[in-house]
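A.B. asks: Before anything else, here's the structure in question.
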Amino acid sequence: SVSSCSRVESSAMAAMLTVAGPVSTVPVSPCGTVPAANYDLNSSELAPAVEEEITIPKLPECLTWGLPDPAQVEAKLAERTKKLDDEVAQSEMLLTQQLRQQKEQIHEAAEKLKAAIQTSPWKDQIRGQIEQNAKEQAAGLDKKYAESLTILRQACQQQKAVAEKEAQDQLAEFQQRKSQEEVMRQQYEFEKAQADQMMKASPGAMKTLSLAHMHQQAEQQQQLQQQLQQQQQL
C-alpha cells in the first residue's frame with residue numbers, strides 16, 4: 001500500500017544518514033551565498049593569508065643643514081685673521097706717527113730753550129742739561145711705544161686664538177654631524193632594500209607605497225623650504 005511504501009522510504013533514508021555520519025554545516029549569508037575567504041595556497045594549512053605590513057623608511061634628516069661647511073669655515077677664519085692683521089698694522093702706523101710728532105715737539109721745545117740762553121755764564125752747561133732732558137724724554141717715549149706695540153700684538157694674537165678655536169669647534173661639530181648622517185644614510189639604505197624586497201613580494205601594495213613615499217618627499221621638501229626661508233630672514 002501507499003503508507004507501507006512511505007514507511008520503507010523513510011527507514012532507508014534514516015539508515016543512509018546513520019552510515020554517512022553528521023553533516024558539516026557552512027554559514028550562509030542572507031543572500032544564500034557562501035562568503036569567500038582568502039586562503040594561502042602555498043600554506044600547508046588552509047588558513048586565510050595575512051599580508052605582511054610594509055613600512056616605508058623615512059628619508060634621513062639633514063643634520064648639517066644651516067652649518068657652515070669646512071670650506072666656509074676656513075674662508076671665514078682667513079677673513080677674520082686678515083682683518084685683525086689690518087687693524088694691527090693701522091694701529092702701529094698711528095702709534096709711529098704719534099711717536100714721531102711727540103719727539104719733534106720735544107726737540108723744538110729744547111731748541112727754543114737753548115736759544116733763549118745767551119748771556120748766562122753757565123749757558124753751555126744749561127744747554128747741555130736741556131739736551132740731556134730732551135733725550136731722556138725721547139727715550140721714555142720709545143719705551144712707551146714699544147710697550148704699546150707689545151700690548152697691541154698680544155691682543156691681536158689672543159683674538160686670533162679665539163677665532164681659530166671657534167673654527168676648530170665648528171669643524172668638529174660639522175664632522176660629527178656628517179658622520180651621524182652617514183650612519184643614518186646606511187640605515188635608510190638597509191631598510192629601503194628590505195622594503196623593496198617586500199614590495200616585490202606584494203605587487204598589490206606598490207601603488208599605495210609609492211604614493212606614501214611621494215607624500216614623505218613632499219613633506220621633507222616643504223620643511224627644507226621653510227628652513228631656507230627662516231635662514232634668509234636671519
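Following the order of the C-alpha cells, chains are lettered A, B, ..., residues in each are numbered from 1, and ligands are numbered from 1.
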Need the shell around range 85-98 of chain A: protein/DNA/RNA residues with any atom at most 12 Å away, counting only C-alpha atoms. Skip same-chain ones fewer than 2 positions apart. Format as a ChimeraX atom specification?

C.D. replies: /A:78-83,100-105,141-142,144-157,159-160
